[in-house]
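Visitor: If it helps, the file is called query_18.txt and holds compact mmCIF, N, CA and C atoms:
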```
# COMPACT_ATOMS: atom_id res chain seq x y z
N MET A 232 2.46 -7.31 4.01
CA MET A 232 3.36 -7.54 5.11
C MET A 232 2.61 -8.23 6.23
N LYS A 233 3.29 -9.12 6.91
CA LYS A 233 2.69 -9.81 8.04
C LYS A 233 2.45 -8.80 9.16
N GLN A 234 1.28 -8.88 9.76
CA GLN A 234 0.90 -7.95 10.82
C GLN A 234 1.74 -8.22 12.08
N ALA A 235 2.33 -7.18 12.62
CA ALA A 235 3.13 -7.30 13.85
C ALA A 235 2.20 -7.32 15.06
N THR A 236 2.51 -8.18 16.00
CA THR A 236 1.72 -8.26 17.23
C THR A 236 2.04 -7.05 18.12
N PRO A 237 1.18 -6.74 19.06
CA PRO A 237 1.48 -5.64 19.99
C PRO A 237 2.80 -5.84 20.73
N GLU A 238 3.12 -7.09 21.05
CA GLU A 238 4.39 -7.37 21.74
C GLU A 238 5.58 -7.00 20.86
N VAL A 239 5.48 -7.30 19.58
CA VAL A 239 6.56 -6.97 18.64
C VAL A 239 6.67 -5.45 18.49
N ILE A 240 5.54 -4.78 18.38
CA ILE A 240 5.54 -3.31 18.26
C ILE A 240 6.21 -2.68 19.47
N HIS A 241 5.88 -3.16 20.66
CA HIS A 241 6.47 -2.61 21.88
C HIS A 241 7.98 -2.90 21.94
N ALA A 242 8.37 -4.09 21.51
CA ALA A 242 9.80 -4.43 21.50
C ALA A 242 10.56 -3.55 20.52
N LEU A 243 9.99 -3.33 19.34
CA LEU A 243 10.63 -2.44 18.36
C LEU A 243 10.72 -1.02 18.90
N ALA A 244 9.62 -0.55 19.50
CA ALA A 244 9.61 0.81 20.04
C ALA A 244 10.69 0.98 21.10
N ASN A 245 10.80 0.02 22.00
CA ASN A 245 11.82 0.10 23.05
C ASN A 245 13.22 0.07 22.45
N SER A 246 13.42 -0.78 21.46
CA SER A 246 14.74 -0.88 20.82
C SER A 246 15.12 0.43 20.14
N VAL A 247 14.18 1.03 19.41
CA VAL A 247 14.47 2.27 18.69
C VAL A 247 14.69 3.43 19.66
N ARG A 248 13.93 3.46 20.74
CA ARG A 248 14.14 4.53 21.72
C ARG A 248 15.51 4.42 22.38
N GLN A 249 15.91 3.20 22.71
CA GLN A 249 17.19 3.00 23.38
C GLN A 249 18.37 3.04 22.43
N HIS A 250 18.14 2.64 21.19
CA HIS A 250 19.23 2.55 20.21
C HIS A 250 18.78 3.15 18.88
N PRO A 251 18.70 4.46 18.76
CA PRO A 251 18.23 5.08 17.52
C PRO A 251 19.12 4.77 16.32
N VAL A 252 20.32 4.30 16.55
CA VAL A 252 21.21 3.95 15.45
C VAL A 252 20.63 2.82 14.60
N ILE A 253 19.75 2.01 15.18
CA ILE A 253 19.10 0.93 14.43
C ILE A 253 18.29 1.51 13.28
N LEU A 254 17.48 2.52 13.58
CA LEU A 254 16.66 3.14 12.54
C LEU A 254 17.54 3.84 11.51
N GLU A 255 18.59 4.48 11.95
CA GLU A 255 19.51 5.14 11.03
C GLU A 255 20.15 4.13 10.07
N TRP A 256 20.60 3.01 10.61
CA TRP A 256 21.22 1.98 9.80
C TRP A 256 20.23 1.40 8.80
N LEU A 257 19.03 1.12 9.25
CA LEU A 257 18.00 0.58 8.38
C LEU A 257 17.65 1.57 7.27
N GLY A 258 17.57 2.84 7.60
CA GLY A 258 17.30 3.87 6.59
C GLY A 258 18.41 3.99 5.56
N GLU A 259 19.65 3.90 6.02
CA GLU A 259 20.78 3.96 5.09
C GLU A 259 20.80 2.75 4.15
N TRP A 260 20.50 1.58 4.70
CA TRP A 260 20.46 0.37 3.89
C TRP A 260 19.36 0.48 2.84
N ARG A 261 18.18 0.97 3.26
CA ARG A 261 17.06 1.16 2.36
C ARG A 261 17.43 2.11 1.22
N MET A 262 18.04 3.24 1.57
CA MET A 262 18.43 4.22 0.54
C MET A 262 19.48 3.65 -0.40
N SER A 263 20.40 2.87 0.13
CA SER A 263 21.42 2.25 -0.71
C SER A 263 20.79 1.32 -1.74
N GLU A 264 19.83 0.54 -1.30
CA GLU A 264 19.13 -0.37 -2.23
C GLU A 264 18.33 0.42 -3.26
N LEU A 265 17.66 1.48 -2.84
CA LEU A 265 16.87 2.30 -3.77
C LEU A 265 17.77 2.98 -4.80
N GLU A 266 18.93 3.45 -4.37
CA GLU A 266 19.86 4.10 -5.30
C GLU A 266 20.43 3.13 -6.31
N ARG A 267 20.59 1.88 -5.90
CA ARG A 267 21.13 0.85 -6.79
C ARG A 267 20.10 0.32 -7.77
N LEU A 268 18.84 0.50 -7.47
CA LEU A 268 17.76 -0.08 -8.27
C LEU A 268 17.83 0.24 -9.77
N PRO A 269 18.10 1.48 -10.16
CA PRO A 269 18.13 1.76 -11.61
C PRO A 269 19.25 1.05 -12.37
N SER A 270 20.27 0.59 -11.67
CA SER A 270 21.41 0.01 -12.38
C SER A 270 21.50 -1.51 -12.26
N VAL A 271 20.48 -2.17 -11.72
CA VAL A 271 20.54 -3.63 -11.63
C VAL A 271 20.25 -4.23 -12.99
N GLY A 272 20.76 -5.43 -13.19
CA GLY A 272 20.54 -6.11 -14.46
C GLY A 272 19.08 -6.49 -14.65
N ALA A 273 18.71 -6.72 -15.89
CA ALA A 273 17.31 -7.01 -16.24
C ALA A 273 16.77 -8.23 -15.50
N GLN A 274 17.62 -9.23 -15.26
CA GLN A 274 17.17 -10.45 -14.60
C GLN A 274 17.00 -10.25 -13.09
N SER A 275 17.60 -9.20 -12.54
CA SER A 275 17.58 -8.99 -11.10
C SER A 275 16.59 -7.91 -10.66
N VAL A 276 15.88 -7.32 -11.60
CA VAL A 276 14.99 -6.20 -11.27
C VAL A 276 13.93 -6.60 -10.26
N THR A 277 13.27 -7.70 -10.49
CA THR A 277 12.19 -8.13 -9.59
C THR A 277 12.72 -8.38 -8.19
N LEU A 278 13.85 -9.03 -8.10
CA LEU A 278 14.46 -9.30 -6.80
C LEU A 278 14.84 -7.99 -6.09
N ALA A 279 15.44 -7.07 -6.81
CA ALA A 279 15.83 -5.79 -6.23
C ALA A 279 14.61 -4.98 -5.81
N GLN A 280 13.56 -4.99 -6.61
CA GLN A 280 12.34 -4.27 -6.25
C GLN A 280 11.71 -4.87 -4.99
N GLY A 281 11.72 -6.19 -4.90
CA GLY A 281 11.19 -6.85 -3.71
C GLY A 281 11.98 -6.50 -2.47
N ARG A 282 13.31 -6.45 -2.60
CA ARG A 282 14.17 -6.08 -1.47
C ARG A 282 13.87 -4.65 -1.03
N CYS A 283 13.70 -3.76 -1.99
CA CYS A 283 13.38 -2.36 -1.68
C CYS A 283 12.03 -2.26 -0.98
N GLN A 284 11.05 -3.02 -1.45
CA GLN A 284 9.71 -3.00 -0.85
C GLN A 284 9.75 -3.48 0.60
N ILE A 285 10.43 -4.59 0.83
CA ILE A 285 10.52 -5.13 2.19
C ILE A 285 11.25 -4.16 3.11
N LEU A 286 12.36 -3.62 2.64
CA LEU A 286 13.10 -2.66 3.47
C LEU A 286 12.27 -1.41 3.76
N SER A 287 11.52 -0.95 2.79
CA SER A 287 10.67 0.23 3.00
C SER A 287 9.59 -0.05 4.03
N GLU A 288 8.95 -1.21 3.95
CA GLU A 288 7.91 -1.56 4.91
C GLU A 288 8.49 -1.75 6.31
N LEU A 289 9.64 -2.39 6.38
CA LEU A 289 10.29 -2.60 7.68
C LEU A 289 10.72 -1.28 8.29
N TYR A 290 11.29 -0.40 7.47
CA TYR A 290 11.70 0.92 7.95
C TYR A 290 10.49 1.69 8.48
N LYS A 291 9.39 1.66 7.74
CA LYS A 291 8.18 2.36 8.16
C LYS A 291 7.68 1.81 9.50
N LEU A 292 7.64 0.49 9.63
CA LEU A 292 7.18 -0.13 10.88
C LEU A 292 8.07 0.26 12.06
N VAL A 293 9.37 0.17 11.88
CA VAL A 293 10.30 0.50 12.96
C VAL A 293 10.20 1.98 13.29
N ASN A 294 10.10 2.82 12.28
CA ASN A 294 10.01 4.27 12.49
C ASN A 294 8.73 4.65 13.24
N GLU A 295 7.63 3.98 12.91
CA GLU A 295 6.34 4.31 13.51
C GLU A 295 6.07 3.54 14.80
N SER A 296 6.92 2.60 15.17
CA SER A 296 6.65 1.74 16.33
C SER A 296 6.47 2.51 17.64
N PRO A 297 7.24 3.57 17.93
CA PRO A 297 6.98 4.29 19.19
C PRO A 297 5.57 4.88 19.24
N ASP A 298 5.11 5.45 18.12
CA ASP A 298 3.76 6.01 18.08
C ASP A 298 2.69 4.92 18.17
N LEU A 299 2.92 3.82 17.48
CA LEU A 299 1.97 2.71 17.52
C LEU A 299 1.89 2.11 18.92
N ALA A 300 3.03 1.99 19.58
CA ALA A 300 3.04 1.45 20.94
C ALA A 300 2.30 2.38 21.90
N ALA A 301 2.50 3.68 21.74
CA ALA A 301 1.81 4.65 22.60
C ALA A 301 0.30 4.61 22.36
N GLN A 302 -0.12 4.46 21.12
CA GLN A 302 -1.54 4.37 20.80
C GLN A 302 -2.17 3.11 21.41
N SER A 303 -1.45 2.01 21.36
CA SER A 303 -2.01 0.78 21.89
C SER A 303 -2.11 0.83 23.42
N ARG A 304 -1.21 1.56 24.04
CA ARG A 304 -1.30 1.72 25.50
C ARG A 304 -2.50 2.57 25.87
N ARG A 305 -2.75 3.60 25.09
CA ARG A 305 -3.91 4.47 25.35
C ARG A 305 -5.21 3.73 25.11
N GLY A 306 -5.20 2.83 24.13
CA GLY A 306 -6.41 2.10 23.78
C GLY A 306 -6.73 0.97 24.74
N SER A 307 -5.76 0.59 25.56
CA SER A 307 -5.98 -0.53 26.50
C SER A 307 -6.74 -0.11 27.72
```
Let me see the file written as structure tokens.

Guide:
Amino acid sequence: MKQATPEVIHALANSVRQHPVILEWLGEWRMSELERLPSVGAQSVTLAQGRCQILSELYKLVNESPDLAAQSRRGS
């Protein structure tokens, strides 16, 4: 995954704090894709796995952004 800049981390953290529904929506989308994964056609498996991987990494980044932003403030 491309490394997020501190500015992006802070923007994500602010967004999630002000609008927690963003994280909820992203989590639901991620789970929906994961649940669908076993039933995708043989030709679509790689694409579906890639989508699940990206959504999982994005969800993790957004979920952890408030903690990461707080750590970077302490480290400055």

Visitor: Using all atoms listed in the file, pick whichever of A:Ile253, A:Ala279, A:Leu243, A:Val271 has the shortest atom-to-atom distance to Pro297 of chain A.

Guide: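 Selected residue with least distance to Pro297 of chain A: A:Leu243.
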
Visitor: For segment 256-264 of chain A, find every residue with an atom within 8 Å (counting all atoms listed in the file), except residues of its own chain fewer than 6 positions away, and show them as an NGL selection string.

Guide: :A and (279-280 or 282-283 or 285-287 or 289-290)

Visitor: How many Å separate atom CA of Arg248 of chain A from atom CA of Arg267 of chain A?

Guide: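 Spanning atom CA of Arg248 of chain A to atom CA of Arg267 of chain A is a straight-line distance of 29.6 Å.
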
Visitor: Please, what distance in Å, to one decimal, runs between atom CA of Lys233 of chain A and atom CA of Ser296 of chain A?

Guide: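 We find that atom CA of Lys233 of chain A and atom CA of Ser296 of chain A lie 14.8 Å from each other.
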
Visitor: Among chain A, which residues does DSSP mark as alpha helix (DSSP H) when it is run on the backbone? Keep the chain and numbering as in the structure and answer as a ChimeraX atom specification.

Guide: /A:237-249,252-267,276-306

Visitor: Any idea what the distance is between atom CA of Ala300 of chain A and atom C of Gly281 of chain A?

Guide: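 Computed distance, atom CA of Ala300 of chain A to atom C of Gly281 of chain A, equals 26.3 Å.
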